[in-house]
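Structure below is upload_11.csv: CSV, C-alpha atoms and all ligand atoms.
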chain,number,residue,atom,x,y,z
A,1,MET,CA,-7.9,15.0,-42.8
A,2,PRO,CA,-5.2,17.5,-44.0
A,3,LEU,CA,-2.9,16.1,-41.3
A,4,LEU,CA,-0.4,14.7,-43.8
A,5,PRO,CA,2.3,15.5,-44.2
A,6,MET,CA,3.1,16.9,-40.7
A,7,ARG,CA,6.6,17.8,-41.6
A,8,SER,CA,6.8,20.7,-39.2
A,9,ALA,CA,6.6,18.2,-36.4
A,10,PHE,CA,10.1,17.0,-37.2
A,11,ASP,CA,13.6,18.4,-36.8
A,12,LEU,CA,14.6,17.8,-40.5
A,13,PRO,CA,17.7,19.6,-41.6
A,14,ALA,CA,17.0,22.2,-44.3
A,15,GLY,CA,17.8,21.3,-47.9
A,16,ILE,CA,17.6,17.5,-47.6
A,17,VAL,CA,15.2,15.0,-48.9
A,18,TYR,CA,15.1,12.3,-46.4
A,19,LEU,CA,14.1,8.9,-47.9
A,20,ASP,CA,15.7,6.7,-45.3
A,21,GLY,CA,13.0,6.8,-42.6
A,22,ASN,CA,12.6,3.0,-43.1
A,23,SER,CA,16.0,2.6,-41.5
A,24,LEU,CA,16.0,5.4,-39.0
A,25,GLY,CA,13.1,7.8,-38.6
A,26,PRO,CA,14.0,11.5,-38.1
A,27,LEU,CA,13.7,13.3,-34.7
A,28,PRO,CA,10.2,14.6,-33.8
A,29,HIS,CA,10.3,17.8,-31.8
A,30,VAL,CA,8.1,16.1,-29.1
A,31,ALA,CA,10.7,13.4,-28.7
A,32,ARG,CA,13.5,15.9,-28.2
A,33,GLU,CA,11.4,17.8,-25.6
A,34,ARG,CA,10.4,14.6,-23.9
A,35,ILE,CA,13.9,13.2,-23.6
A,36,ALA,CA,15.0,16.5,-22.1
A,37,GLN,CA,12.1,16.5,-19.7
A,38,THR,CA,12.7,12.9,-18.7
A,39,VAL,CA,16.3,13.6,-18.0
A,40,THR,CA,15.9,16.9,-16.1
A,41,ASP,CA,12.6,16.6,-14.3
A,42,GLU,CA,12.2,12.9,-13.8
A,43,TRP,CA,15.7,11.3,-13.5
A,44,GLY,CA,17.2,14.5,-12.2
A,45,GLN,CA,14.6,15.4,-9.6
A,46,MET,CA,12.8,12.2,-8.8
A,47,LEU,CA,15.8,9.8,-8.9
A,48,ILE,CA,14.6,6.3,-8.1
A,49,GLY,CA,11.1,7.6,-7.3
A,50,GLY,CA,10.6,8.0,-11.1
A,51,TRP,CA,9.8,4.3,-11.4
A,52,ASN,CA,6.5,5.0,-9.6
A,53,ALA,CA,5.9,8.7,-9.7
A,54,ALA,CA,6.7,9.2,-13.4
A,55,GLY,CA,5.2,5.9,-14.5
A,56,TRP,CA,8.4,4.5,-15.9
A,57,MET,CA,7.5,0.9,-15.0
A,58,ASP,CA,4.3,1.1,-17.0
A,59,LEU,CA,5.8,2.6,-20.1
A,60,PRO,CA,6.5,-0.7,-22.0
A,61,GLU,CA,2.8,-1.6,-21.9
A,62,LYS,CA,1.7,1.9,-22.6
A,63,VAL,CA,4.0,2.2,-25.6
A,64,GLY,CA,3.0,-1.3,-26.6
A,65,ASN,CA,-0.7,-0.3,-26.7
A,66,GLN,CA,0.1,2.7,-28.8
A,67,ILE,CA,1.9,0.5,-31.3
A,68,GLY,CA,-0.9,-2.0,-31.1
A,69,ARG,CA,-3.4,0.5,-32.5
A,70,LEU,CA,-1.2,0.9,-35.6
A,71,ILE,CA,-1.0,-2.8,-36.2
A,72,GLY,CA,-4.5,-4.0,-35.3
A,73,ALA,CA,-3.5,-5.5,-32.0
A,74,PRO,CA,-5.9,-5.3,-29.1
A,75,PRO,CA,-4.8,-3.6,-25.9
A,76,GLY,CA,-2.7,-5.8,-23.6
A,77,THR,CA,-1.2,-7.9,-26.5
A,78,VAL,CA,1.9,-5.8,-27.4
A,79,THR,CA,4.8,-4.7,-25.3
A,80,ALA,CA,7.8,-2.5,-26.1
A,81,ALA,CA,11.0,-4.3,-25.2
A,82,ASP,CA,14.5,-5.2,-26.1
A,83,SER,CA,15.6,-5.2,-29.8
A,84,THR,CA,13.9,-6.9,-32.7
A,85,SER,CA,16.7,-9.5,-32.8
A,86,ILE,CA,16.1,-10.4,-29.1
A,87,ASN,CA,12.4,-10.5,-29.7
A,88,VAL,CA,12.8,-13.0,-32.6
A,89,HIS,CA,14.5,-15.3,-30.1
A,90,LYS,CA,11.7,-14.8,-27.5
A,91,VAL,CA,8.7,-15.4,-29.9
A,92,LEU,CA,10.3,-18.2,-31.9
A,93,ALA,CA,11.1,-20.1,-28.7
A,94,ALA,CA,7.5,-19.6,-27.7
A,95,ALA,CA,6.2,-20.7,-31.1
A,96,LEU,CA,8.2,-23.9,-30.9
A,97,GLN,CA,6.8,-24.7,-27.5
A,98,LEU,CA,3.3,-24.6,-29.0
A,99,ARG,CA,4.3,-27.3,-31.6
A,100,PRO,CA,6.5,-29.6,-29.6
A,101,ASP,CA,6.2,-32.5,-32.1
A,102,ARG,CA,7.3,-30.5,-35.1
A,103,ARG,CA,10.8,-29.6,-36.2
A,104,ILE,CA,10.7,-27.3,-39.1
A,105,ILE,CA,11.0,-23.5,-39.0
A,106,LEU,CA,10.1,-22.2,-42.4
A,107,SER,CA,11.3,-18.9,-43.7
A,108,ASP,CA,12.4,-17.3,-47.0
A,109,THR,CA,15.6,-16.1,-48.6
A,110,GLY,CA,14.2,-12.6,-48.5
A,111,ASN,CA,14.1,-12.5,-44.8
A,112,PHE,CA,16.3,-10.1,-42.9
A,113,PRO,CA,19.5,-11.8,-41.9
A,114,THR,CA,19.2,-11.2,-38.2
A,115,ASP,CA,15.9,-13.1,-38.1
A,116,LEU,CA,17.6,-16.1,-39.7
A,117,TYR,CA,20.7,-15.9,-37.6
A,118,MET,CA,18.7,-15.7,-34.4
A,119,ALA,CA,16.7,-18.8,-35.5
A,120,LYS,CA,19.9,-20.7,-36.1
A,121,GLY,CA,21.2,-19.7,-32.7
A,122,LEU,CA,18.1,-20.8,-31.0
A,123,ILE,CA,18.1,-24.1,-32.8
A,124,ASP,CA,21.7,-24.8,-31.7
A,125,GLN,CA,20.8,-23.8,-28.1
A,126,LEU,CA,17.7,-26.0,-27.9
A,127,GLY,CA,19.6,-28.9,-29.4
A,128,ARG,CA,16.4,-30.7,-30.4
A,129,GLN,CA,17.1,-31.1,-34.1
A,130,HIS,CA,15.0,-28.3,-35.3
A,131,GLN,CA,15.7,-27.2,-38.9
A,132,LEU,CA,15.6,-23.8,-40.5
A,133,LYS,CA,14.2,-24.3,-44.0
A,134,LEU,CA,14.6,-21.5,-46.5
A,135,VAL,CA,12.6,-21.2,-49.7
A,136,GLU,CA,12.2,-18.5,-52.3
A,137,PRO,CA,9.6,-15.9,-51.2
A,138,GLU,CA,7.1,-17.0,-53.8
A,139,ASP,CA,7.3,-20.6,-52.7
A,140,VAL,CA,6.4,-20.1,-49.1
A,141,SER,CA,2.8,-21.1,-49.2
A,142,SER,CA,3.5,-24.3,-51.2
A,143,ALA,CA,6.3,-25.3,-48.7
A,144,ILE,CA,3.9,-25.2,-45.7
A,145,ASP,CA,3.0,-28.7,-44.6
A,146,GLU,CA,2.4,-30.8,-41.5
A,147,THR,CA,6.1,-30.9,-40.5
A,148,VAL,CA,6.2,-27.1,-40.1
A,149,ALA,CA,6.1,-25.8,-36.5
A,150,ALA,CA,6.5,-22.1,-37.3
A,151,VAL,CA,6.4,-19.9,-40.4
A,152,MET,CA,8.6,-17.0,-39.7
A,153,LEU,CA,8.5,-14.2,-42.3
A,154,THR,CA,9.1,-10.5,-42.7
A,155,GLU,CA,6.1,-8.9,-44.3
A,156,VAL,CA,8.0,-6.4,-46.4
A,157,ASP,CA,11.2,-7.5,-48.0
A,158,TYR,CA,13.9,-5.1,-46.7
A,159,ARG,CA,15.7,-5.1,-50.1
A,160,THR,CA,12.9,-4.9,-52.7
A,161,GLY,CA,9.9,-3.9,-50.7
A,162,ARG,CA,8.0,-7.0,-51.9
A,163,LEU,CA,5.0,-7.7,-49.7
A,164,HIS,CA,3.9,-11.1,-48.4
A,165,ASP,CA,0.2,-11.9,-48.3
A,166,MET,CA,0.1,-11.9,-44.6
A,167,SER,CA,-3.5,-13.1,-44.2
A,168,GLY,CA,-3.2,-15.7,-47.0
A,169,VAL,CA,0.0,-17.2,-45.7
A,170,THR,CA,-1.2,-17.2,-42.1
A,171,LYS,CA,-4.3,-19.0,-43.1
A,172,THR,CA,-2.3,-21.6,-45.1
A,173,ALA,CA,-0.1,-22.1,-42.0
A,174,HIS,CA,-3.0,-22.5,-39.7
A,175,ASP,CA,-4.7,-25.0,-42.0
A,176,ALA,CA,-1.5,-27.1,-41.7
A,177,GLY,CA,-1.3,-26.6,-38.0
A,178,ALA,CA,1.7,-24.3,-38.0
A,179,VAL,CA,2.0,-21.1,-36.0
A,180,THR,CA,3.1,-17.8,-37.6
A,181,ILE,CA,5.6,-15.1,-36.7
A,182,TRP,CA,5.5,-11.9,-38.6
A,183,ASP,CA,8.4,-9.3,-38.6
A,184,LEU,CA,6.7,-6.0,-39.1
A,185,ALA,CA,10.0,-3.9,-39.1
A,186,HIS,CA,9.1,-2.2,-42.4
A,187,SER,CA,5.3,-2.4,-41.9
A,188,ALA,CA,4.5,-0.7,-38.6
A,189,GLY,CA,3.7,2.9,-39.3
A,190,ALA,CA,3.7,2.4,-43.1
A,191,LEU,CA,1.1,-0.2,-44.0
A,192,SER,CA,-2.4,-1.1,-42.8
A,193,VAL,CA,-1.6,-4.2,-40.7
A,194,ASP,CA,-4.5,-5.9,-38.9
A,195,LEU,CA,-3.0,-8.6,-36.6
A,196,HIS,CA,-6.4,-9.3,-35.1
A,197,ALA,CA,-8.1,-9.9,-38.5
A,198,THR,CA,-5.2,-12.0,-39.8
A,199,GLN,CA,-5.1,-14.1,-36.6
A,200,ALA,CA,-1.3,-14.1,-36.7
A,201,ASP,CA,0.2,-15.8,-33.7
A,202,PHE,CA,3.2,-13.6,-33.0
A,203,ALA,CA,4.7,-10.4,-34.4
A,204,ILE,CA,7.8,-8.3,-33.8
A,205,GLY,CA,9.2,-5.1,-35.2
A,206,CYS,CA,11.4,-2.0,-34.7
A,207,GLY,CA,10.7,1.2,-32.9
A,208,TYR,CA,13.2,3.3,-34.7
A,209,LYS,CA,12.1,3.0,-38.3
A,210,TYR,CA,8.7,4.4,-39.3
A,211,LEU,CA,7.8,4.8,-35.7
A,212,ASN,CA,10.5,7.4,-35.2
A,213,GLY,CA,11.6,6.4,-31.7
A,214,GLY,CA,15.2,7.3,-32.2
A,215,PRO,CA,18.4,5.2,-32.8
A,216,GLY,CA,18.2,1.9,-30.9
A,217,ALA,CA,14.7,2.6,-29.6
A,218,PRO,CA,13.0,-0.4,-28.1
A,219,ALA,CA,11.4,-2.9,-30.4
A,220,PHE,CA,7.9,-4.3,-30.0
A,221,LEU,CA,6.5,-7.8,-29.6
A,222,TYR,CA,2.9,-9.1,-30.1
A,223,VAL,CA,1.4,-12.3,-28.8
A,224,HIS,CA,-2.1,-13.5,-29.8
A,225,PRO,CA,-4.2,-13.4,-26.7
A,226,LYS,CA,-5.1,-17.1,-27.0
A,227,HIS,CA,-1.4,-17.9,-26.4
A,228,LEU,CA,-0.6,-15.4,-23.8
A,229,ASP,CA,-1.0,-17.5,-20.7
A,230,HIS,CA,0.4,-20.7,-22.3
A,231,ILE,CA,3.9,-19.8,-23.3
A,232,GLU,CA,6.9,-20.1,-20.9
A,233,PRO,CA,9.3,-17.2,-21.5
A,234,VAL,CA,12.6,-18.5,-22.6
A,235,LEU,CA,14.3,-15.3,-21.3
A,236,SER,CA,12.7,-15.5,-17.9
A,237,GLY,CA,13.9,-12.2,-16.4
A,238,TRP,CA,12.7,-10.7,-13.2
A,239,LEU,CA,10.5,-8.1,-14.9
A,240,GLY,CA,8.5,-10.8,-16.6
A,241,HIS,CA,7.9,-12.4,-13.2
A,242,ALA,CA,4.3,-12.3,-11.8
A,243,SER,CA,5.6,-10.4,-8.8
A,244,PRO,CA,9.1,-9.0,-9.2
A,245,PHE,CA,9.2,-7.2,-6.0
A,246,ASP,CA,8.6,-10.3,-3.9
A,247,PHE,CA,12.1,-11.3,-4.9
A,248,ASP,CA,11.1,-15.0,-4.9
A,249,THR,CA,13.9,-17.4,-5.8
A,250,GLY,CA,11.6,-19.2,-8.1
A,251,TYR,CA,10.3,-17.9,-11.4
A,252,ARG,CA,6.6,-17.5,-12.0
A,253,PRO,CA,5.6,-15.7,-15.3
A,254,ALA,CA,3.3,-12.7,-15.1
A,255,ASP,CA,-0.1,-13.0,-16.6
A,256,GLY,CA,-0.5,-11.6,-20.1
A,257,ILE,CA,2.0,-9.8,-22.3
A,258,GLY,CA,4.0,-8.7,-19.2
A,259,ARG,CA,5.7,-12.1,-19.2
A,260,MET,CA,7.5,-11.2,-22.4
A,261,ARG,CA,9.4,-8.5,-20.5
A,262,VAL,CA,12.9,-9.4,-19.4
A,263,GLY,CA,14.9,-6.7,-17.6
A,264,THR,CA,14.8,-3.0,-16.7
A,265,PRO,CA,13.5,-1.0,-19.7
A,266,PRO,CA,15.6,1.8,-21.2
A,267,ILE,CA,13.6,4.7,-20.0
A,268,LEU,CA,15.2,7.5,-22.1
A,269,SER,CA,14.6,5.8,-25.4
A,270,MET,CA,11.2,4.4,-24.2
A,271,ALA,CA,10.2,8.0,-23.4
A,272,SER,CA,11.4,9.1,-26.8
A,273,LEU,CA,9.4,6.4,-28.5
A,274,ASP,CA,6.3,7.2,-26.4
A,275,ALA,CA,6.4,10.8,-27.4
A,276,ALA,CA,7.0,10.0,-31.1
A,277,LEU,CA,4.0,7.7,-31.1
A,278,GLY,CA,1.9,10.6,-29.9
A,279,LEU,CA,2.2,12.0,-33.4
A,280,TRP,CA,-0.1,9.2,-34.6
A,281,ASP,CA,-3.0,10.0,-32.3
A,282,ASP,CA,-5.2,11.6,-34.9
A,283,ILE,CA,-3.8,9.6,-37.9
A,284,ASP,CA,-5.5,6.8,-39.7
A,285,VAL,CA,-3.0,4.3,-40.9
A,286,ALA,CA,-5.1,3.7,-44.0
A,287,ASP,CA,-4.5,7.4,-45.0
A,288,VAL,CA,-0.8,6.8,-44.5
A,289,ARG,CA,-0.9,3.8,-46.8
A,290,THR,CA,-2.8,5.7,-49.5
A,291,GLN,CA,-0.3,8.5,-49.4
A,292,SER,CA,2.7,6.1,-49.3
A,293,ILE,CA,1.5,4.5,-52.5
A,294,LYS,CA,1.2,7.9,-54.1
A,295,LEU,CA,4.7,8.8,-53.1
A,296,SER,CA,6.4,5.5,-54.2
A,297,SER,CA,4.4,5.5,-57.5
A,298,ALA,CA,5.4,9.1,-58.3
A,299,PHE,CA,9.0,8.2,-57.6
A,300,ILE,CA,9.0,5.2,-59.9
A,301,GLU,CA,7.3,7.2,-62.6
A,302,GLU,CA,9.8,10.1,-62.4
A,303,VAL,CA,12.9,7.9,-62.2
A,304,GLU,CA,11.8,5.8,-65.2
A,305,ARG,CA,11.0,8.8,-67.2
A,306,ARG,CA,14.3,10.5,-66.6
A,307,CYS,CA,16.9,7.8,-66.1
A,308,PRO,CA,18.3,5.5,-68.9
A,309,ALA,CA,17.0,1.9,-68.5
A,310,GLU,CA,20.5,0.5,-69.1
A,311,GLU,CA,21.7,2.1,-65.9
A,312,ILE,CA,18.9,1.6,-63.6
A,313,SER,CA,16.0,-0.9,-63.4
A,314,LEU,CA,13.1,-1.3,-60.9
A,315,ALA,CA,13.8,-4.1,-58.4
A,316,SER,CA,10.5,-3.5,-56.5
A,317,PRO,CA,7.1,-4.8,-57.5
A,318,ARG,CA,5.5,-2.4,-60.0
A,319,ASP,CA,2.0,-3.2,-58.6
A,320,ALA,CA,1.6,-0.9,-55.6
A,321,ASP,CA,-0.5,-3.6,-53.8
A,322,GLN,CA,2.5,-5.9,-53.9
A,323,ARG,CA,4.9,-3.3,-52.5
A,324,GLY,CA,5.6,-1.9,-49.1
A,325,SER,CA,6.6,1.8,-48.5
A,326,GLN,CA,10.0,1.6,-50.2
A,327,VAL,CA,11.3,1.4,-53.7
A,328,SER,CA,14.6,-0.1,-54.8
A,329,PHE,CA,16.4,0.1,-58.1
A,330,ARG,CA,19.2,-2.2,-59.4
A,331,CYS,CA,22.1,0.1,-60.3
A,332,GLU,CA,25.4,-1.2,-61.4
A,333,ASN,CA,27.3,1.5,-59.6
A,334,GLY,CA,24.8,1.7,-56.8
A,335,TYR,CA,27.2,2.3,-53.9
A,336,PRO,CA,28.9,5.4,-55.4
A,337,VAL,CA,25.7,6.7,-56.9
A,338,MET,CA,24.1,6.6,-53.5
A,339,GLN,CA,27.0,8.4,-51.9
A,340,ALA,CA,26.8,11.1,-54.6
A,341,LEU,CA,23.0,11.4,-53.9
A,342,ILE,CA,23.6,11.8,-50.2
A,343,VAL,CA,26.2,14.6,-50.8
A,344,GLU,CA,23.6,16.3,-52.9
A,345,GLY,CA,21.0,16.1,-50.2
A,346,VAL,CA,19.0,13.1,-51.2
A,347,ILE,CA,19.3,10.5,-48.4
A,348,GLY,CA,18.5,6.9,-49.2
A,349,ASP,CA,20.7,3.8,-48.7
A,350,PHE,CA,22.5,1.0,-50.5
A,351,ARG,CA,21.9,-2.7,-50.0
A,352,ALA,CA,24.5,-5.2,-51.4
A,353,PRO,CA,25.0,-6.2,-54.1
A,354,ASN,CA,23.6,-3.5,-56.3
A,355,LEU,CA,20.4,-2.0,-54.9
A,356,ILE,CA,19.8,1.7,-54.2
A,357,ARG,CA,16.8,1.9,-51.8
A,358,PHE,CA,14.4,4.7,-51.0
A,359,GLY,CA,11.9,4.7,-48.2
A,360,PHE,CA,8.7,6.9,-48.2
A,361,ALA,CA,7.3,8.2,-44.9
A,362,PRO,CA,4.0,10.1,-45.5
A,363,LEU,CA,4.4,11.8,-42.1
A,364,TYR,CA,7.0,14.1,-43.5
A,365,ASN,CA,7.7,13.2,-47.2
A,366,THR,CA,5.9,15.2,-49.9
A,367,GLU,CA,5.3,14.4,-53.5
A,368,GLU,CA,7.3,17.4,-54.6
A,369,GLU,CA,10.4,16.3,-52.8
A,370,VAL,CA,10.1,12.8,-54.1
A,371,ARG,CA,10.0,14.1,-57.7
A,372,SER,CA,12.9,16.4,-56.9
A,373,ALA,CA,14.9,13.4,-55.6
A,374,ALA,CA,14.3,11.6,-58.9
A,375,ARG,CA,15.5,14.6,-60.8
A,376,THR,CA,18.7,14.7,-58.7
A,377,LEU,CA,19.3,11.0,-59.3
A,378,ALA,CA,18.9,11.5,-63.1
A,379,GLU,CA,21.3,14.4,-63.1
A,380,ILE,CA,23.9,12.4,-61.2
A,381,LEU,CA,23.7,9.5,-63.6
A,382,ARG,CA,23.7,11.8,-66.7
A,383,THR,CA,26.8,13.7,-65.6
A,384,ARG,CA,28.5,10.7,-63.9
A,385,ARG,CA,29.1,12.9,-60.9
A,386,TRP,CA,29.1,9.6,-58.8
A,387,ASP,CA,32.4,8.5,-60.4
A,388,LYS,CA,34.8,10.1,-57.9
A,389,PRO,CA,37.2,8.2,-55.6
A,390,GLN,CA,35.6,9.5,-52.4
A,391,PHE,CA,32.2,8.0,-53.4
A,392,HIS,CA,33.7,4.5,-54.0
A,393,ALA,CA,35.1,4.1,-50.4
A,394,ARG,CA,32.8,1.9,-48.4
A,395,ALA,CA,31.7,3.0,-44.9
A,396,ALA,CA,30.8,0.5,-42.2
A,397,VAL,CA,27.1,1.3,-42.3
A,398,THR,CA,25.7,1.4,-45.8
B,401,LIG,C1,15.7,-3.5,-39.3
B,401,LIG,C2,15.3,-4.9,-39.1
B,401,LIG,C3,15.7,-5.6,-38.0
B,401,LIG,C4,16.7,-5.0,-37.0
B,401,LIG,O1,16.8,-5.7,-35.8
B,401,LIG,P1,17.6,-5.0,-34.6
B,401,LIG,O2,17.6,-6.1,-33.6
B,401,LIG,O3,16.8,-3.8,-34.2
B,401,LIG,O4,18.9,-4.6,-35.0
B,401,LIG,C5,15.3,-6.9,-37.8
B,401,LIG,N1,14.4,-7.5,-38.7
B,401,LIG,C6,14.0,-6.8,-39.8
B,401,LIG,C7,13.1,-7.4,-40.8
B,401,LIG,C8,14.5,-5.5,-40.0
B,401,LIG,O5,14.1,-4.8,-41.1

Encoded form (structure tokens):
Amino acid sequence: MPLLPMRSAFDLPAGIVYLDGNSLGPLPHVARERIAQTVTDEWGQMLIGGWNAAGWMDLPEKVGNQIGRLIGAPPGTVTAADSTSINVHKVLAAALQLRPDRRIILSDTGNFPTDLYMAKGLIDQLGRQHQLKLVEPEDVSSAIDETVAAVMLTEVDYRTGRLHDMSGVTKTAHDAGAVTIWDLAHSAGALSVDLHATQADFAIGCGYKYLNGGPGAPAFLYVHPKHLDHIEPVLSGWLGHASPFDFDTGYRPADGIGRMRVGTPPILSMASLDAALGLWDDIDVADVRTQSIKLSSAFIEEVERRCPAEEISLASPRDADQRGSQVSFRCENGYPVMQALIVEGVIGDFRAPNLIRFGFAPLYNTEEEVRSAARTLAEILRTRRWDKPQFHARAAVT
């Protein structure tokens, strides 16, 4: 098993500790090579013939199956398509169709805003008096009752890394007759997710975080096989049609997961994601999870040992079983502290109002660099090197 870390598989600049792979994974060499090859040999030489000869049309399902292996989804139940935001719209609309007599979409205040915004937009568009009900994360299970059509949650809280009990909540939802939608943006490629075992109805997630597909890489979307042929795609594009090249004037959805496709896939980023997923071929996600817990626990231990408790306090669950693959600390001057860290080569990020956040990706992070990142943080706090005007100015992306 000495596969992890496989740091040499990535183009990581020298001298930095990259703890932001939960926002944008780094560039795998194979992705760089594959993009070049797709551009030069396929687009450049085959032109439109690439759709058949280079297998471009089959990439969404091929990539979907590769992701499926990492999240416990059987072949033919996942497709790579669109963005996570768009996929929220698609699966939530499908979920509401399955429960036509119910009006509540239940989510929590820890969910990522785009999921909530997309739900609100869909509700307005449907105009059928659905309601988005938000509760505190710990109150989700007790808020599930027979009025709830869909429970829509993100497994790992993007701010604190707190984990939901995916199988427990799914079971509670099913017992009340609700369907479940899980956003796996911070789970895929970091945690052992088993969609099949949990019997979740729908799932979505990003291709550019722990899956390293590159900026804006296609997202993914899972539908439980029992629903696949019963949902009417709300975004009924031609590539989700049963027979797009018949050019019928009427829409007929494709069988299976193909119906969740909409339009022409972005082949350059699809190819990049496909290549990046190849890195996982010999990797067992359970080993990744074990290593991720080691990394995040080592970081917490080192930070707490070296940094004054008045300046920084753990915002993530201390119990590793309750935590995803990231650690956040509350820090009063979090924004400038993170900017100073980045300048000194430790890349994490900042989430308002006061969280500094660090993601751990066992494919390339090592325990030594995690401990060194904690030492740098302690030094910055001790010397107040963060307190400079240039570190206080906010950039658009934090
Ligand atoms: C990162 C993230 C997204 C991002 O959605 P995009 O449409 O790719 O911008 C959505 N949901 C969650 C939970 C995320 O963490």

Dump the neighbourhood of ligand LIG 401 (chain B) as a ChimeraX atom specification: all residues within 9 Å, distances computed on all atoms listed in the file. /A:22-24,82-88,111-115,153-158,183-186,204-209,216-219

Find the spatial neighbours of Leu221 of chain A, counting all atoms listed in the file, within a cut-off of 6 Å - ignore same-chain residues fewer than 2 positions away - and output them as a list in words.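 Here the answer would be Val78, Thr79, Ala203 and Ile204 of chain A.
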
I'd like the contact shell of segment 60-65 of chain A - 7 Å cut-off, only C-alpha atoms, skipping same-chain residues fewer than 6 positions apart - returned as a list in words.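 That gives Pro75, Gly76, Val78, Thr79, Ala80, Ala81, Phe220 and Asp274 of chain A.
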
Go through A:Ala340, A:Ala93, A:Leu377, A:Val370 and flag the residue nearest Asp124 of chain A, using all atoms listed in the file for the distances.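 Looking only at the distances to Asp124 of chain A, the closest residue turns out to be A:Ala93.
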
At a cut-off of 8 Å, using all atoms listed in the file, what residues contact Arg103 of chain A? Leave out same-chain residues fewer than 3 positions from it and give the result as a list in words.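 Non-adjacent residues within range: Pro100, Gln129, His130, Gln131, Thr147, Val148 and Ala149 of chain A.
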
Rank nothing, just name the residue among A:Met118, A:Val169, A:Val179, A:Val397 nearest to Arg102 of chain A, using all atoms listed in the file.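 The shortest atom-to-atom distance to Arg102 of chain A comes from A:Val179.
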
I'd like the contact shell of Pro74 of chain A - 9 Å cut-off, all atoms listed in the file, skipping same-chain residues fewer than 6 positions apart - returned as a PDB file with C-alpha atoms, keeping the file's coordinate frame.
ATOM      1  CA  ASN A  65      -0.700  -0.300 -26.700  1.00  0.00           C
ATOM      2  CA  GLY A  68      -0.900  -2.000 -31.100  1.00  0.00           C
ATOM      3  CA  LEU A 195      -3.000  -8.600 -36.600  1.00  0.00           C
ATOM      4  CA  HIS A 196      -6.400  -9.300 -35.100  1.00  0.00           C
ATOM      5  CA  PRO A 225      -4.200 -13.400 -26.700  1.00  0.00           C
TER       6      PRO A 225
END

Report, in Å with one decimal, the straight-line distance from atom CA of Glu332 of chain A to atom CA of Thr398 of chain A.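 These two atoms are separated by 15.8 Å.
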
Between A:His227, A:Arg261, A:His174, A:Arg289, which residue has the minimum interatomic distance to Ser192 of chain A, considering all atoms listed in the file?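 When distances to Ser192 of chain A are compared using all atoms listed in the file, the smallest one comes from A:Arg289.
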
Spatial sel., origin (23.4, 2.6, -57.6), limit 10 Å, all atoms listed in the file, listed as a PDB file with C-alpha atoms, in the coordinates of the input:
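What ended up in selection33.pdb:
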ATOM      1  CA  GLU A 311      21.700   2.100 -65.900  1.00  0.00           C
ATOM      2  CA  ILE A 312      18.900   1.600 -63.600  1.00  0.00           C
ATOM      3  CA  SER A 328      14.600  -0.100 -54.800  1.00  0.00           C
ATOM      4  CA  PHE A 329      16.400   0.100 -58.100  1.00  0.00           C
ATOM      5  CA  ARG A 330      19.200  -2.200 -59.400  1.00  0.00           C
ATOM      6  CA  CYS A 331      22.100   0.100 -60.300  1.00  0.00           C
ATOM      7  CA  GLU A 332      25.400  -1.200 -61.400  1.00  0.00           C
ATOM      8  CA  ASN A 333      27.300   1.500 -59.600  1.00  0.00           C
ATOM      9  CA  GLY A 334      24.800   1.700 -56.800  1.00  0.00           C
ATOM     10  CA  TYR A 335      27.200   2.300 -53.900  1.00  0.00           C
ATOM     11  CA  PRO A 336      28.900   5.400 -55.400  1.00  0.00           C
ATOM     12  CA  VAL A 337      25.700   6.700 -56.900  1.00  0.00           C
ATOM     13  CA  MET A 338      24.100   6.600 -53.500  1.00  0.00           C
ATOM     14  CA  GLN A 339      27.000   8.400 -51.900  1.00  0.00           C
ATOM     15  CA  ALA A 340      26.800  11.100 -54.600  1.00  0.00           C
ATOM     16  CA  LEU A 341      23.000  11.400 -53.900  1.00  0.00           C
ATOM     17  CA  ASP A 349      20.700   3.800 -48.700  1.00  0.00           C
ATOM     18  CA  PHE A 350      22.500   1.000 -50.500  1.00  0.00           C
ATOM     19  CA  ARG A 351      21.900  -2.700 -50.000  1.00  0.00           C
ATOM     20  CA  PRO A 353      25.000  -6.200 -54.100  1.00  0.00           C
ATOM     21  CA  ASN A 354      23.600  -3.500 -56.300  1.00  0.00           C
ATOM     22  CA  LEU A 355      20.400  -2.000 -54.900  1.00  0.00           C
ATOM     23  CA  ILE A 356      19.800   1.700 -54.200  1.00  0.00           C
ATOM     24  CA  ARG A 357      16.800   1.900 -51.800  1.00  0.00           C
ATOM     25  CA  LEU A 377      19.300  11.000 -59.300  1.00  0.00           C
ATOM     26  CA  LEU A 381      23.700   9.500 -63.600  1.00  0.00           C
ATOM     27  CA  TRP A 386      29.100   9.600 -58.800  1.00  0.00           C
TER      28      TRP A 386
END

Residue nearest Arg259 of chain A among A:His89, A:Arg323, A:Arg306, A:His241 (counting all atoms listed in the file): A:His241

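Of the residues under consideration (A:Val262, A:Val234, A:Ile283, A:Ala190), A:Val234 shows the shortest atom-to-atom contact distance to Leu126 of chain A when counting all atoms listed in the file.
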
Contacts of Val135 of chain A at 7 Å or less, counting all atoms listed in the file, minus same-chain residues fewer than 4 places along, as a ChimeraX atom specification? /A:107-109,139-140

Which polymer residues, protein or nucleic acid, are no farther than 9 Å from (13.7, 9.2, -50.9), counting all atoms listed in the file, as a ChimeraX atom specification? /A:17-21,296,299,326-327,346-348,357-361,365,369-370,373-374

Looking at A:Gly213, A:Gly240, A:Pro317, A:Pro308, which one is nearest to Gly189 of chain A, with distances taken over only C-alpha atoms?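 So, comparing all the options, the nearest one is A:Gly213.
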